[in-house]
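J.: I'd like to ask you about the structure that follows.
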Amino acid sequence: MQKFFSSLLLVAVSSGLFSSLVRAEVSFEKQVKPILESACLSCHGEKKPKGDLAFHTHEALLEGEVVVAGKPEDSTLYTTTILPPDADEVMPPKPPFLSKIQTDVLKEWILDGAKWPEGVVLKQVRRINFVKDIKPLLEGFYEKEFDFRNSVVPFDLDSSKLYELVNLPKDNDNILPRPKKREALKDNEIELLKNWILQGAVWPDGIELNVKDPPDFISGALPQAPKEVIDIRIKAVEKLIKQLEPTMKPYTDEIPGTGVKFEMVPIPGGEFVMGSPEAEKGHNANEGPQHKVKIAPFWMAKTETTWNCYTLFMYKEEEKMVMKLRGFKPELNAVSDAVARPTTPYVEMSFGMGTDGFPAISMTQHAANMYCKWLTAKTGHYYRLPTEAEWEYACRAGTTTAYSFGDDPAMLDDFAWHDGNSNFKYQKVGTKKPNPWGLYDMHGNVSEWTTDQFFPDVYGTIKDLVSNPFRYGKSLYPRTARGGSWMDKPEKLRSAQRIASTPDWKFQDPQLPKSIWYHTDAQFLGFRVVRPLIIPSSEEMHKYWTTEGEPD
């Protein structure tokens, strides 16, 4: 009988009977509404809809003539969502694109007459991005054998095993994440999973979890000398800092022979509380527990690194041409020419968003490190990426609130470019208000690389005051970025927000193997440089510039 039933089911599927059953089950409230609210209303909502097409009400949808009831093949609301990702008219216009499950829901809904309950008005909700929001969260469960992909049912919380497991009581043996591997999910993390499932549980094709073993004890320190030597060196450095810190002033550095300049701002040494309290809106588990950190003084770039500077590093011939036009000889580059440079990109890397005065984007951490090495060779000043602790310390600028200007996200437009005001692209650096220490765009515009490996639970290993922590990278992924970007909601721009890199940032890179220089899919990612007051040893310089997993 079981064999007969299986055969009957197979016939039903192949003959299309099953698809008719699926059509009958499409729910506007549970399936269509979440898709439109999360994927469409950011461009086609009530306020200033693009192309004068609004989808927030049934009347507006019909007025736009994008749906022909019963005919999905004639409905652009559907046909534009199944175009190839590189098509000019594909919708949404930028990744993440709709999954086949989501486009099939739209198709079946239109086939059934595109019924819209009377009086229902749609409101834009934040779209959950699998690569940025869900993948790092699931990888942080440290579960190599658990079948995450098949533990969720799109649009259906009640049938999703994963959602059930994360909501179990904390003393239940079956709870995920398992207590021995990490603490239970915070409310905002559970909400992320919930909204992801309700929006269709999009899991892009070709993207897999990169689950590692849970860390036992994570030490971020560089190789240590005997304690007696350390004590002597610490005292000598502290004395030197006390002498030199009062002399630190803002300065402008120039890339020799090019006329291109960038400004550096002094950041005083001091202590601060790193991370965020659980009560902070948008708090993530990897931002706690809070702990005290001591930071030595350094200079930090006033703005994110711009294309004006970065293209001189990217394109060696362009640098030579600029120097020649300005009357400088190539001998000036004798040292800097020894530094490895990026291969020629296969696309225009600003993606049409602007270059003059705009932040450079889409580089790997390796590329940003090599830029710092090149810049050091060019200027004679030691530059590198900031550590994660240095970055948060400089971003906070002596504040303890969610943002450097306070806790109220309503003030964010004065200080940052984010998804609510960026017009879907990055903007020129330094055009918003600075933080209290004179740094621009620490919140938003583009996220910024730091030197550190990303460990989600590392804060829990810190018990006492720690000085200048640096978590040396032993794996290429994930590394840590900070600051949020023009693509992000306000809570992603908080001072404590941490971002884990992923191989999916170069998902569309056609090269095999993938480029070591470009994160083509990370058009939200840039960096800024720092210069420590005390110059480290050459060994330590190399540690900060080149970590394991990267080319040497």
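Labels for the structure tokens follow display order: chains A, B, ..., residues from 1 in each chain, ligands from 1.
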Which segment 90-166 of chain A residues have any atom within 6 Å of an atom of segment 187-203 of chain A, and for each, what is the nearest pair of atoms with distance in Å to one decimal, counting only C-alpha atoms, rows sorted by chain and number, as a Markdown table?

T.:
| residue | atom | partner | partner_atom | distance |
| --- | --- | --- | --- | --- |
| A:Ser99 | CA | A:Val202 | CA | 5.9 |
| A:Ile128 | CA | A:Trp196 | CA | 5.5 |
| A:Pro154 | CA | A:Gly200 | CA | 4.3 |
| A:Phe155 | CA | A:Leu198 | CA | 4.2 |

J.: Restricted to N, CA and C atoms, what would the selected residues look like written as a tab-separated table (two decimals), in the first residue's frame?

T.:
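Output file result05.tsv follows:
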chain	number	residue	atom	x	y	z
A	99	SER	N	14.08	34.35	-3.76
A	99	SER	CA	14.32	32.92	-3.96
A	99	SER	C	13.23	32.36	-4.87
A	128	ILE	N	15.44	40.69	5.95
A	128	ILE	CA	16.51	39.93	6.57
A	128	ILE	C	17.44	39.38	5.50
A	154	PRO	N	9.70	27.65	5.02
A	154	PRO	CA	9.44	29.04	4.66
A	154	PRO	C	8.03	29.49	5.01
A	155	PHE	N	7.93	30.66	5.61
A	155	PHE	CA	6.69	31.32	6.00
A	155	PHE	C	5.96	30.64	7.16

J.: Write out as a ChimeraX atom specification each polymer residue whose atoms come within 9 Å of segment 455-461 of chain A, counting only C-alpha atoms; drop sequence neighbours fewer than 4 positions from it.

T.: /A:136,140,182-183,215,217-219,274-275,285-291,471,478-480,498,500

J.: What does the distance between atom CA of Lys239 of chain A and atom CA of Ala296 of chain A come to in Å, to one decimal place?

T.: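 Atom CA of Ala296 of chain A lies at a distance of 12.0 Å from atom CA of Lys239 of chain A.
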
J.: Excluding Val211 of chain A and any residue of its chain fewer than 4 positions from it, enumerate the residues within 6 Å of it, using only C-alpha atoms, and give them as JSON, numbers by chain.

T.: {"A": [139, 142, 144]}

J.: With N, CA and C atoms retained, export the selected residues as a PDB file, in the first residue's frame.

T.:
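Okay, this is what ended up in out-v6.pdb:
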ATOM      1  N   GLU A 139      26.301  29.923  12.179  1.00  0.00           N
ATOM      2  CA  GLU A 139      27.665  29.416  12.332  1.00  0.00           C
ATOM      3  C   GLU A 139      28.119  29.506  13.780  1.00  0.00           C
ATOM      4  N   TYR A 142      27.968  26.540  16.352  1.00  0.00           N
ATOM      5  CA  TYR A 142      29.026  25.517  16.364  1.00  0.00           C
ATOM      6  C   TYR A 142      28.449  24.102  16.251  1.00  0.00           C
ATOM      7  N   LYS A 144      28.111  21.258  13.632  1.00  0.00           N
ATOM      8  CA  LYS A 144      28.523  20.779  12.316  1.00  0.00           C
ATOM      9  C   LYS A 144      27.559  19.750  11.733  1.00  0.00           C
TER      10      LYS A 144
END

J.: Please report as CSV every residue of segment 429-460 of chain A lying within 8 Å of segment 360-373 of chain A, along with the nearest atom pair and their distance in Å (one decimal), using only C-alpha atoms.

T.:
residue,atom,partner,partner_atom,distance
A:Val446,CA,A:Ile361,CA,7.7
A:Trp449,CA,A:Gln365,CA,6.5
A:Thr450,CA,A:Gln365,CA,8.0
A:Thr451,CA,A:Gln365,CA,7.8

J.: Restrict the selected residues to N, CA and C atoms and save them as an mmCIF file, in the first residue's frame.

T.:
data_model
loop_
_atom_site.group_PDB
_atom_site.id
_atom_site.type_symbol
_atom_site.label_atom_id
_atom_site.label_comp_id
_atom_site.auth_asym_id
_atom_site.auth_seq_id
_atom_site.Cartn_x
_atom_site.Cartn_y
_atom_site.Cartn_z
ATOM 1 N N VAL A 446 30.193 53.588 4.892
ATOM 2 C CA VAL A 446 30.645 52.222 4.620
ATOM 3 C C VAL A 446 31.138 51.587 5.918
ATOM 4 N N TRP A 449 36.965 47.838 7.862
ATOM 5 C CA TRP A 449 37.793 46.711 8.300
ATOM 6 C C TRP A 449 38.543 47.039 9.590
ATOM 7 N N THR A 450 38.719 46.027 10.426
ATOM 8 C CA THR A 450 39.685 46.079 11.524
ATOM 9 C C THR A 450 40.688 44.947 11.303
ATOM 10 N N THR A 451 41.685 44.869 12.156
ATOM 11 C CA THR A 451 42.727 43.847 11.987
ATOM 12 C C THR A 451 42.315 42.473 12.508
#

J.: For Phe28 of chain A, work out the shell of residues within 9 Å, counting only C-alpha atoms and skipping chain neighbours fewer than 5 positions away, then give it as a list in words.

T.: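 Answer for this query is Lys33, Pro34, Trp109, Ala114, Lys115, Trp116 and Pro117 of chain A.
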
J.: Those residues with C-alpha atoms, as a PDB file, in the first residue's frame please?

T.:
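So part_31.pdb came out as:
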ATOM      1  CA  LYS A  33       2.393  40.228   2.322  1.00  0.00           C
ATOM      2  CA  PRO A  34       5.813  39.448   3.951  1.00  0.00           C
ATOM      3  CA  TRP A 109      -1.014  34.226  -6.020  1.00  0.00           C
ATOM      4  CA  ALA A 114      -4.130  38.253  -7.011  1.00  0.00           C
ATOM      5  CA  LYS A 115      -6.679  38.491  -4.195  1.00  0.00           C
ATOM      6  CA  TRP A 116      -5.972  41.226  -1.659  1.00  0.00           C
ATOM      7  CA  PRO A 117      -8.011  41.360   1.582  1.00  0.00           C
TER       8      PRO A 117
END

J.: For a test of reading the model, state the distance in Å between atom CA of Pro246 of chain A and atom CA of Pro532 of chain A, rounded to one decimal.

T.: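 We find that atom CA of Pro246 of chain A and atom CA of Pro532 of chain A lie 14.3 Å from each other.
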